[in-house]
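Visitor: The structure under discussion is supplied below as structure tokens; questions concerning it will follow.
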2 protein chains.
Amino acid sequence: MQTINFVTSNLLKLQQVRAILGNDPPFKLVHHSLELPELQASLDEIAINKCITAAAIVDDTVLVEDTALTFSSLNGLPGPYIKTFIQQIGLEGLIRILSDYEDKTAIATSTFAYTEGRNQPVKLFTGTMHGKITKPTSSIPHQANWQSIFQPEGYTTSYAMIEQDQTNKISHRYKALMLLIDYLTK
Amino acid sequence: MQTINFVTSNLLKLQQVRAILGNDPPFKLVHHSLELPELQASLDEIAINKCITAAAIVDDTVLVEDTALTFSSLNGLPGPYIKTFIQQIGLEGLIRILSDYEDKTAIATSTFAYTEGRNQPVKLFTGTMHGKITKPTSSIPHQANWQSIFQPEGYTTSYAMIEQDQTNKISHRYKALMLLIDYLTK
């Protein structure tokens with residue numbers, strides 16, 4: 001069975017990817033905890049660059065993932081800077097900067113970047129989830145993740161309130177991971 | 001006279017630095033137009049990293065500069081991402097994301113990073129200018145720079161409306177450059 005080195009310092013991301021892969025994964029996922037620098041760039045460019053950097057260190061197959069949350073009214077922002085936005089202004093701030101805009105729609109995007117090794121080409125696999133930014137129904141910690149204020153299309157609660165067996169059918173990360181699996185197992 | 005290689009792809013920045021240095025500059029400024037990658041990081045880290053990258057390419061003394069615009073209400077944002085914010089939402093968007101906040105104060109920061117060459121330590125020189133975000137008095141192009149909506153403390157017009165011989169006494173970039181000159185000529 002093929003081994004793929006998943007490079008991330010985000011343990012929640014690792015846990016989600018393992019959950020999506022399930023008990024009978026199509027490849028062996030080996031976790032490497034590396035804090036990789038992220039560029040000011042598009043989501044694709046950030047993922048490609050991290051993948052190249054990680055492959056140079058690990059010197060083997062490498063998989064990395066990056067997430068963006070795009071507000072339609074803000075023409076792409078926060079995008080790949082969603083982590084910084086939450087660190088600086090919290091979920092309350094994400095809602096407040098949209099106050100003056102009627103359109104609260106947003107798109108969550110997950111991009112996996114995969115390479116077979118150092119100096120090898122990088123392949124991208126992208127999944128999206130459409131929805132809108134909503135006020136949380138109950139008080140949430142300042143540093144909670146954006147899933148608490150994101151309501152996917154077709155649902156009446158935030159993404160954070162949906163059961164995991166449900167989210168794995170709709171999530172941006174799930175869709176992107178399925179494309180990767182298709183590619184690796186075809 | 002000492003030669004310093006100023007690395008920037010921003011010709012307006014080059015022109016401003018030359019204007020501040022004046023007709024009798026304390027060092028010879030040689031321009032290198034390189035598009036350097038910028039990290040997702042603090043202003044200091046971005047400048048340090050660009051300086052190291054540029055010194056590895058130019059293999060000589062290198063000077064780079066980075067600018068941030070920090071909104072008090074957004075706890076650091078846009079910060080070093082001001083260029084991306086303007087690209088995505090324009091000056092109108094910068095004003096709109098502050099709609100729900102009473103505090104419109106902001107700080108412009110200029111950070112010069114200087115090194116004597118490859119693998120040499122990097123020195124930082126930082127200048128700031130306090131002010132507030134204001135609506136432009138007349139219509140301005142979508143891609144105009146933030147000086148059109150920034151009113152420095154003690155002034156009643158935007159920074160863009162102040163004469164250049166005045167701005168050179170108050171600007172963040174001027175203050176930072178004076179610190180660099182002090183360091184190089186002491």
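Following the order of the structure tokens, first chain is A, next is B, and so on, with residues numbered from 1 inside each chain and ligands from 1 in the order they appear.
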With a cut-off of 8 Å and counting only C-alpha atoms, select all residues of chain B in contact with chain A and give the selection as a VMD selection string.
Guide: chain B and resid 37 to 40 74 to 77 85 88 to 89 93 96 to 100
Visitor: Report the residues of stretch 44-171 of chain A whose backbone DSSP state falls under strand (DSSP E or B), written as JSON, numbers by chain.
Guide: {"A": [62, 63, 64, 65, 66, 67, 68, 69, 70, 71, 78, 79, 105, 106, 107, 108, 109, 110, 111, 112, 113, 114, 115, 122, 123, 124, 125, 126, 127, 128, 129, 130, 131, 132, 133, 150, 151, 152]}
Visitor: Can I get the selected residues back with N, CA and C atoms, as a short mmCIF file (atom, residue, chain, number, x, y, z; two decimals), in the first residue's frame?
Guide:
```
data_model
loop_
_atom_site.label_atom_id
_atom_site.label_comp_id
_atom_site.auth_asym_id
_atom_site.auth_seq_id
_atom_site.Cartn_x
_atom_site.Cartn_y
_atom_site.Cartn_z
N VAL A 62 4.56 13.86 -0.74
CA VAL A 62 4.06 14.81 0.26
C VAL A 62 2.66 15.29 -0.12
N LEU A 63 1.83 15.39 0.92
CA LEU A 63 0.50 15.95 0.79
C LEU A 63 0.36 17.09 1.81
N VAL A 64 -0.12 18.25 1.33
CA VAL A 64 -0.45 19.35 2.26
C VAL A 64 -1.85 19.83 1.91
N GLU A 65 -2.46 20.55 2.84
CA GLU A 65 -3.80 21.09 2.57
C GLU A 65 -3.89 22.52 3.07
N ASP A 66 -4.61 23.36 2.31
CA ASP A 66 -4.89 24.72 2.78
C ASP A 66 -6.35 25.04 2.56
N THR A 67 -6.83 25.91 3.44
CA THR A 67 -8.25 26.27 3.42
C THR A 67 -8.40 27.77 3.24
N ALA A 68 -9.44 28.15 2.52
CA ALA A 68 -9.76 29.58 2.39
C ALA A 68 -11.25 29.76 2.66
N LEU A 69 -11.61 30.91 3.19
CA LEU A 69 -13.02 31.28 3.33
C LEU A 69 -13.20 32.63 2.65
N THR A 70 -13.97 32.60 1.56
CA THR A 70 -14.12 33.76 0.68
C THR A 70 -15.49 34.39 0.88
N PHE A 71 -15.53 35.66 1.24
CA PHE A 71 -16.80 36.38 1.36
C PHE A 71 -17.10 37.03 0.00
N PRO A 78 -11.86 37.02 3.41
CA PRO A 78 -10.49 36.82 3.89
C PRO A 78 -9.66 35.83 3.06
N GLY A 79 -10.34 34.91 2.34
CA GLY A 79 -9.60 33.96 1.52
C GLY A 79 -8.62 33.15 2.34
N THR A 105 -23.13 35.84 1.55
CA THR A 105 -22.70 34.52 1.05
C THR A 105 -21.19 34.37 1.10
N ALA A 106 -20.76 33.13 1.24
CA ALA A 106 -19.34 32.82 1.38
C ALA A 106 -19.08 31.44 0.79
N ILE A 107 -17.85 31.21 0.43
CA ILE A 107 -17.45 29.90 -0.09
C ILE A 107 -16.24 29.41 0.69
N ALA A 108 -16.36 28.20 1.23
CA ALA A 108 -15.21 27.55 1.87
C ALA A 108 -14.51 26.69 0.83
N THR A 109 -13.20 26.81 0.74
CA THR A 109 -12.44 26.05 -0.25
C THR A 109 -11.32 25.28 0.44
N SER A 110 -11.17 24.04 0.03
CA SER A 110 -10.06 23.21 0.52
C SER A 110 -9.22 22.81 -0.68
N THR A 111 -7.92 23.03 -0.57
CA THR A 111 -7.02 22.64 -1.66
C THR A 111 -5.93 21.73 -1.13
N PHE A 112 -5.90 20.51 -1.66
CA PHE A 112 -4.80 19.60 -1.36
C PHE A 112 -3.75 19.73 -2.45
N ALA A 113 -2.49 19.78 -2.05
CA ALA A 113 -1.39 19.76 -3.02
C ALA A 113 -0.57 18.51 -2.76
N TYR A 114 -0.31 17.79 -3.84
CA TYR A 114 0.35 16.47 -3.73
C TYR A 114 1.52 16.39 -4.70
N THR A 115 2.61 15.87 -4.22
CA THR A 115 3.75 15.62 -5.11
C THR A 115 4.38 14.28 -4.77
N VAL A 122 3.63 19.20 -8.94
CA VAL A 122 2.63 19.27 -7.87
C VAL A 122 1.24 19.22 -8.49
N LYS A 123 0.39 18.35 -7.99
CA LYS A 123 -1.01 18.27 -8.43
C LYS A 123 -1.92 18.89 -7.37
N LEU A 124 -2.96 19.62 -7.83
CA LEU A 124 -3.90 20.25 -6.90
C LEU A 124 -5.28 19.58 -6.99
N PHE A 125 -5.93 19.46 -5.83
CA PHE A 125 -7.29 18.91 -5.76
C PHE A 125 -8.12 19.83 -4.89
N THR A 126 -9.17 20.40 -5.48
CA THR A 126 -9.90 21.47 -4.80
C THR A 126 -11.37 21.12 -4.62
N GLY A 127 -11.88 21.35 -3.42
CA GLY A 127 -13.29 21.17 -3.13
C GLY A 127 -13.86 22.44 -2.53
N THR A 128 -15.14 22.73 -2.85
CA THR A 128 -15.75 23.94 -2.30
C THR A 128 -17.08 23.61 -1.62
N MET A 129 -17.48 24.49 -0.72
CA MET A 129 -18.77 24.38 -0.05
C MET A 129 -19.36 25.79 0.00
N HIS A 130 -20.56 25.95 -0.58
CA HIS A 130 -21.20 27.26 -0.60
C HIS A 130 -22.08 27.44 0.63
N GLY A 131 -22.20 28.67 1.08
CA GLY A 131 -23.02 28.92 2.26
C GLY A 131 -23.08 30.41 2.54
N LYS A 132 -23.40 30.75 3.80
CA LYS A 132 -23.45 32.17 4.16
C LYS A 132 -22.98 32.35 5.60
N ILE A 133 -22.57 33.58 5.89
CA ILE A 133 -22.10 33.92 7.24
C ILE A 133 -23.31 34.29 8.09
N PHE A 150 -20.63 29.74 9.82
CA PHE A 150 -20.83 29.41 8.39
C PHE A 150 -21.98 28.42 8.26
N GLN A 151 -23.03 28.83 7.53
CA GLN A 151 -24.19 27.96 7.34
C GLN A 151 -24.20 27.45 5.90
N PRO A 152 -23.95 26.16 5.71
CA PRO A 152 -23.89 25.63 4.34
C PRO A 152 -25.25 25.72 3.65
#
```
Visitor: At a cut-off of 12 Å, using only C-alpha atoms, what residues contact stretch 24-29 of chain B? Leave out same-chain residues fewer than 6 positions from it and give the result as a list in words.
Guide: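 My reading of the contact set: Met1, Gln2, Thr3, Ile4, Asn5, Phe6, Val7, Thr8, Leu14, Gln15, Val17, Arg18, Thr61, Val62, Leu63, Val64, Leu177, Met178, Leu180, Ile181, Asp182, Tyr183, Leu184, Thr185 and Lys186 of chain B.
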Visitor: In Å to one decimal, how far is atom CA of B:Leu36 from atom CA of B:Lys50?
Guide: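 So the answer is 6.4 Å.
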